[in-house]
>>> print(open('data.txt').read())   # compact mmCIF, C-alpha atoms
# COMPACT_ATOMS: atom_id res chain seq x y z
CA MET A 805 -9.51 -27.73 -10.94
CA ASP A 806 -6.23 -27.42 -9.08
CA SER A 807 -4.18 -27.21 -12.26
CA PHE A 808 -6.05 -24.19 -13.62
CA MET A 809 -6.31 -20.61 -12.48
CA ALA A 810 -8.03 -17.44 -13.69
CA CYS A 811 -6.12 -14.20 -14.24
CA HIS A 812 -6.98 -11.81 -11.40
CA ASP A 813 -6.97 -8.84 -13.76
CA CYS A 814 -8.93 -10.16 -16.76
CA ASP A 815 -10.49 -13.50 -15.70
CA LEU A 816 -8.84 -15.54 -18.47
CA ILE A 817 -8.28 -19.21 -17.55
CA HIS A 818 -4.73 -20.50 -17.63
CA HIS A 819 -3.26 -23.94 -17.21
CA ILE A 820 -0.76 -23.92 -14.31
CA LYS A 821 2.53 -25.34 -15.48
CA PRO A 822 5.80 -25.81 -13.60
CA LEU A 823 8.12 -22.86 -14.12
CA PRO A 824 11.88 -22.76 -14.71
CA ALA A 825 13.96 -21.49 -11.76
CA LYS A 826 13.02 -17.91 -10.87
CA GLY A 827 10.63 -17.74 -13.82
CA ALA A 828 7.26 -15.99 -13.86
CA ALA A 829 4.02 -16.82 -15.62
CA VAL A 830 2.30 -13.90 -17.32
CA CYS A 831 -1.29 -13.65 -18.56
CA ILE A 832 -1.31 -13.95 -22.36
CA ARG A 833 -4.16 -11.50 -22.69
CA CYS A 834 -3.55 -8.64 -20.25
CA GLY A 835 0.06 -9.18 -19.16
CA ALA A 836 -0.59 -9.54 -15.41
CA VAL A 837 1.89 -11.66 -13.47
CA LEU A 838 0.00 -14.83 -12.54
CA TYR A 839 2.53 -16.69 -10.41
CA LYS A 840 6.29 -16.87 -9.91
CA HIS A 841 8.74 -19.56 -9.11
CA LYS A 842 10.20 -18.67 -5.72
CA PRO A 843 13.04 -20.95 -4.62
CA ASN A 844 12.96 -22.00 -0.93
CA SER A 845 10.08 -19.63 -0.39
CA GLN A 846 9.21 -20.77 3.14
CA GLU A 847 12.73 -20.81 4.55
CA ARG A 848 13.62 -17.49 2.96
CA THR A 849 10.47 -15.76 4.12
CA LEU A 850 10.96 -17.08 7.63
CA ALA A 851 14.58 -15.92 7.71
CA PHE A 852 13.61 -12.46 6.46
CA ALA A 853 10.80 -12.28 9.02
CA PHE A 854 13.23 -13.04 11.85
CA ALA A 855 15.70 -10.45 10.57
CA ALA A 856 12.87 -7.96 10.20
CA LEU A 857 11.71 -8.53 13.78
CA ILE A 858 15.18 -7.84 15.20
CA LEU A 859 15.59 -4.72 13.05
CA PHE A 860 12.06 -3.61 13.92
CA ILE A 861 12.80 -3.77 17.65
CA LEU A 862 16.08 -1.89 17.17
CA ALA A 863 14.52 0.73 14.91
CA ASN A 864 11.79 1.50 17.39
CA SER A 865 13.87 1.43 20.59
CA PHE A 866 16.39 4.12 19.74
CA PRO A 867 16.07 7.62 18.28
CA PHE A 868 16.46 7.78 14.50
CA LEU A 869 17.04 11.50 14.11
CA GLY A 870 18.35 14.30 16.30
CA LEU A 871 18.15 18.05 15.84
CA LYS A 872 20.68 20.43 17.30
CA ILE A 873 20.08 24.17 17.57
CA GLY A 874 22.66 25.96 19.67
CA ALA A 875 23.01 23.92 22.82
CA GLN A 876 19.58 22.31 22.53
CA VAL A 877 19.40 18.77 21.21
CA ARG A 878 16.14 17.02 20.49
CA GLU A 879 16.05 13.37 19.53
CA THR A 880 13.07 11.46 18.32
CA THR A 881 11.86 7.92 17.87
CA LEU A 882 8.97 7.02 15.63
CA ILE A 883 6.70 6.47 18.63
CA THR A 884 7.40 9.91 20.13
CA GLY A 885 6.50 11.50 16.81
CA ILE A 886 3.21 9.66 16.72
CA HIS A 887 2.56 10.54 20.38
CA GLU A 888 3.25 14.21 19.63
CA LEU A 889 0.70 14.19 16.77
CA TYR A 890 -1.80 12.60 19.12
CA LEU A 891 -1.28 15.33 21.74
CA GLN A 892 -1.66 18.06 19.13
CA GLY A 893 -5.20 16.93 18.42
CA VAL A 894 -4.70 15.25 15.04
CA GLN A 895 -5.43 11.79 16.43
CA VAL A 896 -6.62 10.44 13.08
CA ILE A 897 -3.24 11.16 11.51
CA ALA A 898 -1.44 9.72 14.54
CA ILE A 899 -3.41 6.48 14.17
CA LEU A 900 -2.80 6.40 10.40
CA VAL A 901 0.97 6.73 10.91
CA LEU A 902 0.95 4.18 13.73
CA LEU A 903 -0.89 1.67 11.52
CA THR A 904 1.19 2.07 8.39
CA THR A 905 4.64 2.16 9.98
CA VAL A 906 4.36 0.16 13.20
CA LEU A 907 1.29 -2.04 13.57
CA VAL A 908 0.94 -3.39 10.03
CA PRO A 909 4.63 -4.36 9.56
CA PHE A 910 4.65 -5.95 13.03
CA THR A 911 1.41 -7.86 12.40
CA GLN A 912 2.77 -9.04 9.05
CA MET A 913 5.77 -10.59 10.80
CA MET A 914 3.60 -12.22 13.47
CA CYS A 915 1.24 -13.70 10.86
CA LEU A 916 4.20 -15.14 8.99
CA PHE A 917 5.60 -16.72 12.16
CA TYR A 918 2.22 -18.23 12.91
CA ILE A 919 1.97 -19.75 9.44
CA LEU A 920 5.57 -20.65 8.61
CA LEU A 921 7.01 -21.91 11.92
CA PRO A 922 4.58 -24.87 12.21
CA LEU A 923 4.92 -25.55 8.46
CA LYS A 924 8.68 -25.76 8.92
CA PHE A 925 8.10 -28.66 11.32
CA GLY A 926 5.59 -30.31 9.03
CA ARG A 927 2.42 -29.14 10.74
CA LEU A 928 -0.46 -27.03 9.55
CA PRO A 929 -1.58 -24.31 11.96
CA LYS A 930 -5.29 -24.56 12.67
CA ARG A 931 -6.25 -21.01 11.75
CA LEU A 932 -4.02 -20.85 8.66
CA PRO A 933 -6.70 -19.74 6.15
CA TRP A 934 -7.90 -16.89 8.33
CA VAL A 935 -4.37 -15.66 9.13
CA LEU A 936 -3.10 -15.90 5.56
CA ARG A 937 -6.15 -14.06 4.24
CA PHE A 938 -5.68 -11.39 6.90
CA LEU A 939 -2.00 -11.08 5.94
CA GLN A 940 -2.86 -10.59 2.26
CA ARG A 941 -5.45 -8.03 3.22
CA ILE A 942 -3.20 -5.80 5.37
CA GLN A 943 -0.24 -5.97 2.98
CA PRO A 944 -1.07 -2.78 1.03
CA TRP A 945 -1.15 -0.79 4.27
CA GLY A 946 2.44 -1.39 5.35
CA MET A 947 4.35 1.67 4.15
CA MET A 948 7.85 1.48 5.59
CA GLU A 949 9.53 2.33 2.27
CA VAL A 950 7.41 5.45 1.93
CA PHE A 951 8.37 6.43 5.48
CA MET A 952 12.05 6.26 4.47
CA VAL A 953 11.45 8.84 1.73
CA GLY A 954 9.71 10.90 4.41
CA ILE A 955 12.87 10.79 6.53
CA LEU A 956 14.97 11.92 3.56
CA VAL A 957 12.66 14.84 2.78
CA SER A 958 12.59 16.00 6.41
CA VAL A 959 16.38 15.83 6.69
CA VAL A 960 16.81 18.06 3.65
CA LYS A 961 14.07 20.36 4.90
CA LEU A 962 15.68 20.84 8.30
CA ALA A 963 19.33 20.80 7.19
CA LYS A 964 19.29 24.56 6.54
CA MET A 965 17.86 25.56 9.86
CA ALA A 966 19.69 23.24 12.24
CA LYS A 967 22.27 20.51 12.54
CA ILE A 968 20.86 17.06 11.91
CA ILE A 969 22.31 14.18 13.89
CA PRO A 970 21.57 10.76 12.41
CA GLY A 971 20.44 8.50 15.24
CA ILE A 972 21.63 4.95 15.75
CA SER A 973 18.35 3.42 14.68
CA LEU A 974 18.40 5.22 11.31
CA TYR A 975 20.54 2.40 9.93
CA SER A 976 18.17 -0.26 11.26
CA PHE A 977 15.31 1.58 9.56
CA LEU A 978 17.23 1.55 6.31
CA ALA A 979 17.95 -2.18 6.56
CA LEU A 980 14.41 -2.91 7.74
CA ILE A 981 12.92 -1.52 4.54
CA PHE A 982 14.92 -3.88 2.35
CA VAL A 983 14.31 -6.87 4.61
CA LEU A 984 10.56 -6.16 4.78
CA SER A 985 10.18 -5.96 1.01
CA ALA A 986 12.30 -9.11 0.59
CA MET A 987 10.02 -10.82 3.12
CA THR A 988 6.87 -9.84 1.23
CA VAL A 989 8.29 -10.74 -2.17
CA SER A 990 9.67 -14.15 -1.17
CA LEU A 991 6.37 -15.43 0.25
CA ASP A 992 4.70 -17.89 -2.12
CA ALA A 993 1.09 -17.78 -0.94
CA HIS A 994 0.01 -20.03 -3.79
CA LEU A 995 2.22 -22.84 -2.47
CA ILE A 996 0.83 -22.51 1.06
CA TRP A 997 -2.76 -22.58 -0.20
CA GLN A 998 -1.95 -25.72 -2.16
CA LYS A 999 -0.51 -27.37 0.95
CA TRP A 1000 -3.56 -26.40 2.93
CA GLY A 1001 -5.85 -27.74 0.21
CA ALA A 1002 -3.96 -31.04 -0.06
CA HIS A 1003 -3.62 -31.81 3.68
CA ARG A 1004 -7.15 -31.16 4.75
CA MET B 1307 -8.79 -12.47 -32.57
CA ASN B 1308 -9.47 -13.80 -29.11
CA HIS B 1309 -11.57 -16.77 -30.16
CA GLY B 1310 -10.81 -19.86 -28.17
CA LEU B 1311 -9.86 -17.88 -25.06
CA LEU B 1312 -11.96 -18.96 -22.12
CA THR B 1313 -12.68 -16.85 -19.06
CA ALA B 1314 -13.73 -18.18 -15.67
CA ARG B 1315 -17.10 -16.46 -16.01
CA ASN B 1316 -17.85 -18.04 -19.40
CA ALA B 1317 -16.88 -21.46 -18.07
CA GLY B 1318 -19.31 -21.11 -15.16
CA LEU B 1319 -16.48 -20.82 -12.66
CA ILE B 1320 -15.53 -18.35 -9.97
CA SER B 1321 -11.95 -17.56 -9.05
CA CYS B 1322 -11.36 -17.02 -5.32
CA HIS B 1323 -9.90 -13.55 -4.86
CA SER B 1324 -7.78 -14.61 -1.93
CA CYS B 1325 -6.38 -18.08 -2.78
CA HIS B 1326 -7.12 -18.17 -6.53
CA LEU B 1327 -8.91 -21.51 -6.42
CA LEU B 1328 -11.34 -22.03 -9.30
CA CYS B 1329 -14.74 -23.25 -8.14
CA GLN B 1330 -18.00 -24.19 -9.81
CA ARG B 1331 -20.39 -21.29 -9.54
CA ALA B 1332 -23.29 -21.93 -7.18
CA LYS B 1333 -26.78 -20.81 -8.16
CA GLN B 1334 -26.67 -18.08 -5.55
CA THR B 1335 -23.24 -16.52 -5.31
CA SER B 1336 -24.13 -14.02 -2.60
CA HIS B 1337 -23.25 -16.31 0.32
CA MET B 1338 -20.79 -18.60 -1.37
CA LEU B 1339 -17.58 -19.34 0.55
CA CYS B 1340 -14.36 -20.64 -0.94
CA PRO B 1341 -14.07 -24.36 -0.05
CA ARG B 1342 -10.31 -24.03 0.40
CA CYS B 1343 -9.68 -20.76 2.23
CA GLY B 1344 -13.16 -19.74 3.43
CA ALA B 1345 -13.18 -16.28 1.83
CA GLY B 1346 -16.47 -14.94 0.50
CA MET B 1347 -16.63 -15.53 -3.25
CA HIS B 1348 -17.78 -13.08 -5.87
CA ASP B 1349 -17.90 -13.35 -9.60
CA ARG B 1350 -16.78 -9.70 -9.74
CA LYS B 1351 -16.05 -7.32 -6.89
CA PRO B 1352 -19.51 -6.38 -5.55
CA ASN B 1353 -20.91 -3.02 -6.74
CA SER B 1354 -17.47 -2.19 -8.06
CA ILE B 1355 -18.47 0.73 -10.28
CA ALA B 1356 -20.83 2.46 -7.83
CA ARG B 1357 -18.42 2.03 -4.94
CA THR B 1358 -15.44 3.31 -6.89
CA TRP B 1359 -17.41 6.33 -8.14
CA ALA B 1360 -18.50 7.18 -4.59
CA LEU B 1361 -14.95 6.95 -3.25
CA VAL B 1362 -13.49 8.92 -6.15
CA LEU B 1363 -16.00 11.73 -5.61
CA ALA B 1364 -15.34 11.74 -1.86
CA ALA B 1365 -11.60 11.94 -2.51
CA PHE B 1366 -12.14 14.87 -4.91
CA ILE B 1367 -14.11 16.75 -2.27
CA PHE B 1368 -11.41 16.17 0.36
CA TYR B 1369 -8.70 17.09 -2.15
CA ILE B 1370 -9.81 20.74 -2.00
CA PRO B 1371 -9.41 21.39 1.78
CA ALA B 1372 -6.28 19.21 1.71
CA ASN B 1373 -4.68 21.74 -0.62
CA VAL B 1374 -6.23 24.94 0.70
CA LEU B 1375 -5.85 24.44 4.46
CA PRO B 1376 -2.41 24.56 6.10
CA ILE B 1377 -0.68 21.23 6.49
CA THR B 1378 1.90 22.57 8.98
CA ILE B 1379 1.92 25.57 11.29
CA VAL B 1380 5.36 26.78 12.38
CA ILE B 1381 5.41 28.81 15.57
CA SER B 1382 8.74 30.58 15.83
CA LEU B 1383 9.51 33.28 18.44
CA GLY B 1384 5.83 33.93 18.98
CA LYS B 1385 5.01 34.27 15.29
CA ALA B 1386 2.90 31.68 13.54
CA GLN B 1387 3.37 30.82 9.90
CA SER B 1388 1.13 28.31 8.18
CA ASP B 1389 2.10 26.35 5.11
CA THR B 1390 -0.09 24.55 2.61
CA ILE B 1391 1.30 21.75 0.46
CA MET B 1392 1.76 24.08 -2.50
CA SER B 1393 3.40 26.88 -0.49
CA GLY B 1394 5.89 24.29 0.79
CA VAL B 1395 6.70 23.31 -2.79
CA ILE B 1396 7.12 26.97 -3.80
CA TYR B 1397 9.37 27.58 -0.78
CA PHE B 1398 11.66 24.74 -1.88
CA ILE B 1399 11.83 26.05 -5.44
CA HIS B 1400 12.80 29.51 -4.15
CA THR B 1401 15.52 28.13 -1.90
CA GLY B 1402 16.94 26.12 -4.79
CA MET B 1403 16.06 22.69 -3.43
CA TRP B 1404 14.17 21.66 -6.53
CA PRO B 1405 14.66 17.87 -6.13
CA ILE B 1406 12.73 18.02 -2.84
CA ALA B 1407 10.19 20.38 -4.40
CA LEU B 1408 9.71 17.81 -7.16
CA VAL B 1409 9.32 14.89 -4.73
CA ILE B 1410 6.66 16.71 -2.70
CA PHE B 1411 4.87 18.03 -5.78
CA LEU B 1412 4.75 14.57 -7.35
CA ALA B 1413 3.78 12.69 -4.18
CA SER B 1414 1.27 15.15 -2.73
CA ILE B 1415 -0.31 17.00 -5.62
CA PHE B 1416 0.33 15.19 -8.88
CA ILE B 1417 -0.09 11.51 -7.89
CA PRO B 1418 -3.43 11.83 -6.03
CA LEU B 1419 -4.88 13.88 -8.89
CA LEU B 1420 -3.49 11.57 -11.56
CA LYS B 1421 -4.86 8.57 -9.72
CA LEU B 1422 -8.34 10.06 -9.47
CA LEU B 1423 -8.35 11.06 -13.15
CA ILE B 1424 -7.22 7.58 -14.25
CA LEU B 1425 -9.94 5.96 -12.13
CA ILE B 1426 -12.58 8.27 -13.61
CA PHE B 1427 -11.35 7.47 -17.11
CA LEU B 1428 -11.48 3.73 -16.36
CA LEU B 1429 -14.96 3.99 -14.83
CA ILE B 1430 -16.38 5.94 -17.78
CA SER B 1431 -14.74 3.66 -20.35
CA VAL B 1432 -16.14 0.58 -18.57
CA GLN B 1433 -19.61 2.10 -18.32
CA ARG B 1434 -19.56 2.95 -22.02
CA LYS B 1435 -18.51 -0.66 -22.70
CA SER B 1436 -15.51 0.62 -24.59
CA ASN B 1437 -13.22 -1.88 -26.24
CA TRP B 1438 -10.43 0.60 -26.79
CA ARG B 1439 -6.91 -0.69 -25.87
CA ARG B 1440 -7.92 -3.03 -23.07
CA GLN B 1441 -4.40 -4.12 -22.31
CA ASP B 1442 -3.20 -0.53 -21.84
CA ARG B 1443 -6.18 0.32 -19.65
CA THR B 1444 -5.43 -2.69 -17.45
CA ARG B 1445 -1.86 -1.47 -17.22
CA LEU B 1446 -3.12 1.99 -16.19
CA TYR B 1447 -5.11 0.32 -13.42
CA ARG B 1448 -2.03 -1.51 -12.17
CA ILE B 1449 -0.13 1.79 -12.08
CA THR B 1450 -2.83 3.44 -9.94
CA GLU B 1451 -2.64 0.50 -7.55
CA ILE B 1452 1.12 0.86 -7.12
CA ILE B 1453 1.65 4.63 -6.93
CA GLY B 1454 -1.09 5.49 -4.42
CA ARG B 1455 0.91 4.64 -1.32
CA TRP B 1456 3.69 7.10 -2.18
CA SER B 1457 1.38 10.01 -1.46
CA MET B 1458 1.82 9.23 2.22
CA VAL B 1459 5.27 10.87 2.13
CA ASP B 1460 3.94 14.25 3.22
CA ILE B 1461 2.11 12.78 6.20
CA PHE B 1462 5.32 11.11 7.35
CA VAL B 1463 7.30 14.32 6.85
CA VAL B 1464 4.81 16.17 9.06
CA THR B 1465 5.14 13.45 11.73
CA ILE B 1466 8.94 13.74 11.76
CA LEU B 1467 8.94 17.55 11.74
CA VAL B 1468 6.43 17.71 14.56
CA ALA B 1469 8.54 15.34 16.65
CA LEU B 1470 11.88 16.99 15.93
CA VAL B 1471 11.14 20.68 15.88
CA HIS B 1472 9.97 21.11 19.41
CA LEU B 1473 12.28 23.68 20.89
CA GLY B 1474 10.09 25.42 23.43
CA GLY B 1475 9.66 29.12 22.67
CA LEU B 1476 12.25 29.04 19.90
CA ALA B 1477 10.31 27.00 17.37
CA THR B 1478 7.56 24.40 17.29
CA ILE B 1479 5.76 22.80 14.39
CA HIS B 1480 2.10 21.81 14.60
CA ALA B 1481 0.19 19.64 12.19
CA GLY B 1482 -2.51 21.71 10.49
CA PRO B 1483 -6.09 20.72 9.58
CA GLY B 1484 -5.00 20.20 5.96
CA ALA B 1485 -3.06 17.14 7.10
CA ILE B 1486 -6.27 15.39 8.17
CA PHE B 1487 -7.96 16.00 4.82
CA PHE B 1488 -4.82 15.03 2.97
CA GLY B 1489 -4.58 11.77 4.93
CA ALA B 1490 -8.22 11.13 4.06
CA VAL B 1491 -7.52 11.68 0.34
CA VAL B 1492 -4.64 9.18 0.40
CA VAL B 1493 -6.61 6.50 2.25
CA ILE B 1494 -9.78 6.97 0.18
CA THR B 1495 -7.93 6.83 -3.15
CA ILE B 1496 -6.18 3.61 -2.08
CA ILE B 1497 -9.53 2.04 -1.16
CA ALA B 1498 -11.05 3.36 -4.41
CA ALA B 1499 -8.35 1.63 -6.47
CA MET B 1500 -8.94 -1.57 -4.50
CA SER B 1501 -12.69 -1.51 -5.13
CA PHE B 1502 -12.34 -1.16 -8.89
CA ASP B 1503 -12.44 -4.52 -10.68
CA PRO B 1504 -10.13 -4.56 -13.75
CA ARG B 1505 -11.95 -7.62 -15.09
CA LEU B 1506 -14.82 -5.27 -15.99
CA ILE B 1507 -12.54 -3.83 -18.69
CA TRP B 1508 -12.47 -7.25 -20.36
CA ASP B 1509 -16.07 -8.33 -19.80
CA THR B 1510 -17.37 -6.50 -22.87
CA GLU B 1511 -15.10 -8.53 -25.11
CA GLU B 1512 -16.81 -11.80 -24.28
CA VAL B 1513 -20.24 -10.25 -24.79
CA SER B 1514 -19.32 -8.96 -28.23
CA HIS B 1515 -18.28 -12.42 -29.34
CA GLU B 1516 -21.46 -14.16 -28.34
>>> encode(input="data.txt", output="structure tokens")
Amino acid sequence: MDSFMACHDCDLIHHIKPLPAKGAAVCIRCGAVLYKHKPNSQERTLAFAFAALILFILANSFPFLGLKIGAQVRETTLITGIHELYLQGVQVIAILVLLTTVLVPFTQMMCLFYILLPLKFGRLPKRLPWVLRFLQRIQPWGMMEVFMVGILVSVVKLAKMAKIIPGISLYSFLALIFVLSAMTVSLDAHLIWQKWGAHR
Amino acid sequence: MNHGLLTARNAGLISCHSCHLLCQRAKQTSHMLCPRCGAGMHDRKPNSIARTWALVLAAFIFYIPANVLPITIVISLGKAQSDTIMSGVIYFIHTGMWPIALVIFLASIFIPLLKLLILIFLLISVQRKSNWRRQDRTRLYRITEIIGRWSMVDIFVVTILVALVHLGGLATIHAGPGAIFFGAVVVITIIAAMSFDPRLIWDTEEVSHE
């Protein structure tokens, strides 16, 4: 059964065939992407995860935007913004923002380290199925790229009323978005499941 | 035209939703676990249509206070001014910043509504066992899955504004009650799209060939 799979969008059974470099297999009936050839998936994903972790720490340690009105300057990090929402009594929103921009991306990185670091040294982590399933489940809730658009909109919104000072971590945020999406895209979950299935 | 095409269901197989392993269907699928990854296995997402309907209706109900109640309250020199999503959009059009007006209008008003309408259309067409343009309807479903997250923009904007504009008596921005309902709409529509099973669109085809 290992050489067949069903399309996740229309249930049609396909024979899994090796793909040319960087090729993708598409369902013949509904057009869904079934699987892709991802060169050096594990190494790449691991490298992106490390880069993402460094950028993530930078992005959250320093202010990303400052606002100057007269002599008053106010700088903010992502965490202070979330804390402010919490204090204002909209805790639900504070938790939603915390999850989508801080906790989920961070957990994604940690899950990848847990799975890929042992694999790199030829071992299978014991809780791999649970962690990989968890990773796939939280993926839709990481919204860093949407947050970036949020930063852009707020900058334009405030530009008329005060002077905006880009903070040092703004650039790490920018880089983090690209690294995070590269990390998600380069992971070949299919390959890891196959390894898990074969080694057990 | 689709003779000779075999689906997992017709072959007596179940595809694991998490690791995509094909397994023989057990007699009782309710407690079946994937032998490879341990995820619970279902032939189709359980109660997909009822669940999606419930979430879509809930999102519609929340959509109203999300648009009527203020999303931000600006307190400047002792005066409070509350803004709804739409009044923010109108403000941007008046001040000539139409690209931003467009971004907010699309992300906060248009996309959630479009997503709900597409889901309703898909639900009704599946319930009527329609065989009209299956491939395009599946594509519509994929679009709803992708665009939903972009509605979060407004929530993030509120977070940043609240954190930045905090200048004592001069000006402060508070998040309004509309933000909570709006956040609920975004989250519920994302879950609604997840609970819809696009394979239902194709199930009628196999029946009609038998």
>>> closest_atom_pairs(input="data.txt", of="chain B", to="chain A", cutoff="8 Å", atoms="all atoms listed in the file", output="tab-separated table")
residue	atom	partner	partner_atom	distance
B:Leu1311	CA	A:Leu816	CA	7.1
B:Leu1312	CA	A:Ile817	CA	5.9
B:Thr1313	CA	A:Leu816	CA	4.1
B:Ala1314	CA	A:Asp815	CA	5.7
B:Arg1315	CA	A:Asp815	CA	7.2
B:Ser1321	CA	A:Ala810	CA	6.1
B:His1323	CA	A:His812	CA	7.4
B:Ser1324	CA	A:Arg937	CA	6.4
B:Cys1325	CA	A:Trp997	CA	6.3
B:His1326	CA	A:Met809	CA	6.5
B:Leu1327	CA	A:Met809	CA	6.7
B:Leu1328	CA	A:Met809	CA	6.1
B:Cys1329	CA	A:Met805	CA	7.4
B:Arg1342	CA	A:Gly1001	CA	5.8
B:Cys1343	CA	A:Pro933	CA	5.0
B:Gly1344	CA	A:Pro933	CA	7.0
B:Ala1345	CA	A:Arg937	CA	7.8
B:Ile1406	CA	A:Val957	CA	6.5
B:Arg1440	CA	A:Cys834	CA	7.6
B:Gln1441	CA	A:Cys834	CA	5.0
B:Thr1444	CA	A:Cys834	CA	6.8
B:Arg1445	CA	A:Cys834	CA	8.0
B:Arg1455	CA	A:Met947	CA	7.1
B:Trp1456	CA	A:Val950	CA	5.8
B:Met1458	CA	A:Val950	CA	6.8
B:Val1459	CA	A:Gly954	CA	5.0
B:Asp1460	CA	A:Gly954	CA	6.8
B:Ile1461	CA	A:Ile897	CA	7.7
B:Phe1462	CA	A:Gly954	CA	5.3
B:Val1463	CA	A:Gly954	CA	4.8
B:Thr1465	CA	A:Gly885	CA	5.6
B:Ile1466	CA	A:Gly885	CA	6.0
B:Leu1467	CA	A:Ser958	CA	6.6
B:Val1468	CA	A:Gly885	CA	6.6
B:Ala1469	CA	A:Gly885	CA	4.4
B:Leu1470	CA	A:Thr880	CA	6.1
B:Val1471	CA	A:Leu871	CA	7.5
B:His1472	CA	A:Arg878	CA	7.5
B:Leu1473	CA	A:Gln876	CA	7.6
B:His1480	CA	A:Gln892	CA	7.0
B:Ala1481	CA	A:Leu889	CA	7.1
B:Pro1483	CA	A:Val894	CA	7.9
B:Ala1485	CA	A:Ile897	CA	7.4
B:Ile1486	CA	A:Ile897	CA	6.2
B:Gly1489	CA	A:Ile897	CA	6.7
B:Asp1503	CA	A:Asp813	CA	7.6
B:Pro1504	CA	A:Asp813	CA	5.3
B:Arg1505	CA	A:Cys814	CA	4.3
B:Leu1506	CA	A:Cys814	CA	7.7
B:Ile1507	CA	A:Cys814	CA	7.5
B:Trp1508	CA	A:Cys814	CA	5.8
B:Asp1509	CA	A:Cys814	CA	8.0
>>> residues_around(input="data.txt", residues="stretch 1368-1384 of chain B", least_positions_apart="3", cutoff="10 Å", atoms="all atoms listed in the file", output="PyMOL selection string")
chain B and resi 1362-1365+1387-1394+1414-1415+1418-1419+1460-1461+1464+1467-1468+1471-1492+1494
>>> write_last_selection(input="data.txt", atoms="C-alpha atoms", output="PDB file, in the frame of the given file")
ATOM      1  CA  VAL B1362     -13.490   8.920  -6.150  1.00  0.00           C
ATOM      2  CA  LEU B1363     -16.000  11.730  -5.610  1.00  0.00           C
ATOM      3  CA  ALA B1364     -15.340  11.740  -1.860  1.00  0.00           C
ATOM      4  CA  ALA B1365     -11.600  11.940  -2.510  1.00  0.00           C
ATOM      5  CA  GLN B1387       3.370  30.820   9.900  1.00  0.00           C
ATOM      6  CA  SER B1388       1.130  28.310   8.180  1.00  0.00           C
ATOM      7  CA  ASP B1389       2.100  26.350   5.110  1.00  0.00           C
ATOM      8  CA  THR B1390      -0.090  24.550   2.610  1.00  0.00           C
ATOM      9  CA  ILE B1391       1.300  21.750   0.460  1.00  0.00           C
ATOM     10  CA  MET B1392       1.760  24.080  -2.500  1.00  0.00           C
ATOM     11  CA  SER B1393       3.400  26.880  -0.490  1.00  0.00           C
ATOM     12  CA  GLY B1394       5.890  24.290   0.790  1.00  0.00           C
ATOM     13  CA  SER B1414       1.270  15.150  -2.730  1.00  0.00           C
ATOM     14  CA  ILE B1415      -0.310  17.000  -5.620  1.00  0.00           C
ATOM     15  CA  PRO B1418      -3.430  11.830  -6.030  1.00  0.00           C
ATOM     16  CA  LEU B1419      -4.880  13.880  -8.890  1.00  0.00           C
ATOM     17  CA  ASP B1460       3.940  14.250   3.220  1.00  0.00           C
ATOM     18  CA  ILE B1461       2.110  12.780   6.200  1.00  0.00           C
ATOM     19  CA  VAL B1464       4.810  16.170   9.060  1.00  0.00           C
ATOM     20  CA  LEU B1467       8.940  17.550  11.740  1.00  0.00           C
ATOM     21  CA  VAL B1468       6.430  17.710  14.560  1.00  0.00           C
ATOM     22  CA  VAL B1471      11.140  20.680  15.880  1.00  0.00           C
ATOM     23  CA  HIS B1472       9.970  21.110  19.410  1.00  0.00           C
ATOM     24  CA  LEU B1473      12.280  23.680  20.890  1.00  0.00           C
ATOM     25  CA  GLY B1474      10.090  25.420  23.430  1.00  0.00           C
ATOM     26  CA  GLY B1475       9.660  29.120  22.670  1.00  0.00           C
ATOM     27  CA  LEU B1476      12.250  29.040  19.900  1.00  0.00           C
ATOM     28  CA  ALA B1477      10.310  27.000  17.370  1.00  0.00           C
ATOM     29  CA  THR B1478       7.560  24.400  17.290  1.00  0.00           C
ATOM     30  CA  ILE B1479       5.760  22.800  14.390  1.00  0.00           C
ATOM     31  CA  HIS B1480       2.100  21.810  14.600  1.00  0.00           C
ATOM     32  CA  ALA B1481       0.190  19.640  12.190  1.00  0.00           C
ATOM     33  CA  GLY B1482      -2.510  21.710  10.490  1.00  0.00           C
ATOM     34  CA  PRO B1483      -6.090  20.720   9.580  1.00  0.00           C
ATOM     35  CA  GLY B1484      -5.000  20.200   5.960  1.00  0.00           C
ATOM     36  CA  ALA B1485      -3.060  17.140   7.100  1.00  0.00           C
ATOM     37  CA  ILE B1486      -6.270  15.390   8.170  1.00  0.00           C
ATOM     38  CA  PHE B1487      -7.960  16.000   4.820  1.00  0.00           C
ATOM     39  CA  PHE B1488      -4.820  15.030   2.970  1.00  0.00           C
ATOM     40  CA  GLY B1489      -4.580  11.770   4.930  1.00  0.00           C
ATOM     41  CA  ALA B1490      -8.220  11.130   4.060  1.00  0.00           C
ATOM     42  CA  VAL B1491      -7.520  11.680   0.340  1.00  0.00           C
ATOM     43  CA  VAL B1492      -4.640   9.180   0.400  1.00  0.00           C
ATOM     44  CA  ILE B1494      -9.780   6.970   0.180  1.00  0.00           C
TER      45      ILE B1494
END
>>> residues_around(input="data.txt", residues="A:Lys930", least_positions_apart="6", cutoff="10 Å", atoms="all atoms listed in the file", output="ChimeraX atom specification")
/A:918-919,922
>>> atom_distance(input="data.txt", atom1="atom CA of A:Leu921", atom2="atom CA of A:Glu847")
9.4 Å
>>> atom_distance(input="data.txt", atom1="atom CA of A:Phe917", atom2="atom CA of A:Leu850")
7.0 Å
>>> atom_distance(input="data.txt", atom1="atom CA of B:Ser1336", atom2="atom CA of B:Arg1350")
11.1 Å
>>> axis_aligned_box(input="data.txt", around="stretch 1352-1368 of chain B", padding_each_side="6 Å", output="lines of an AutoDock Vina configuration file")
center_x = -16.2
center_y = 5.2
center_z = -5.0
size_x = 21.5
size_y = 35.1
size_z = 22.6
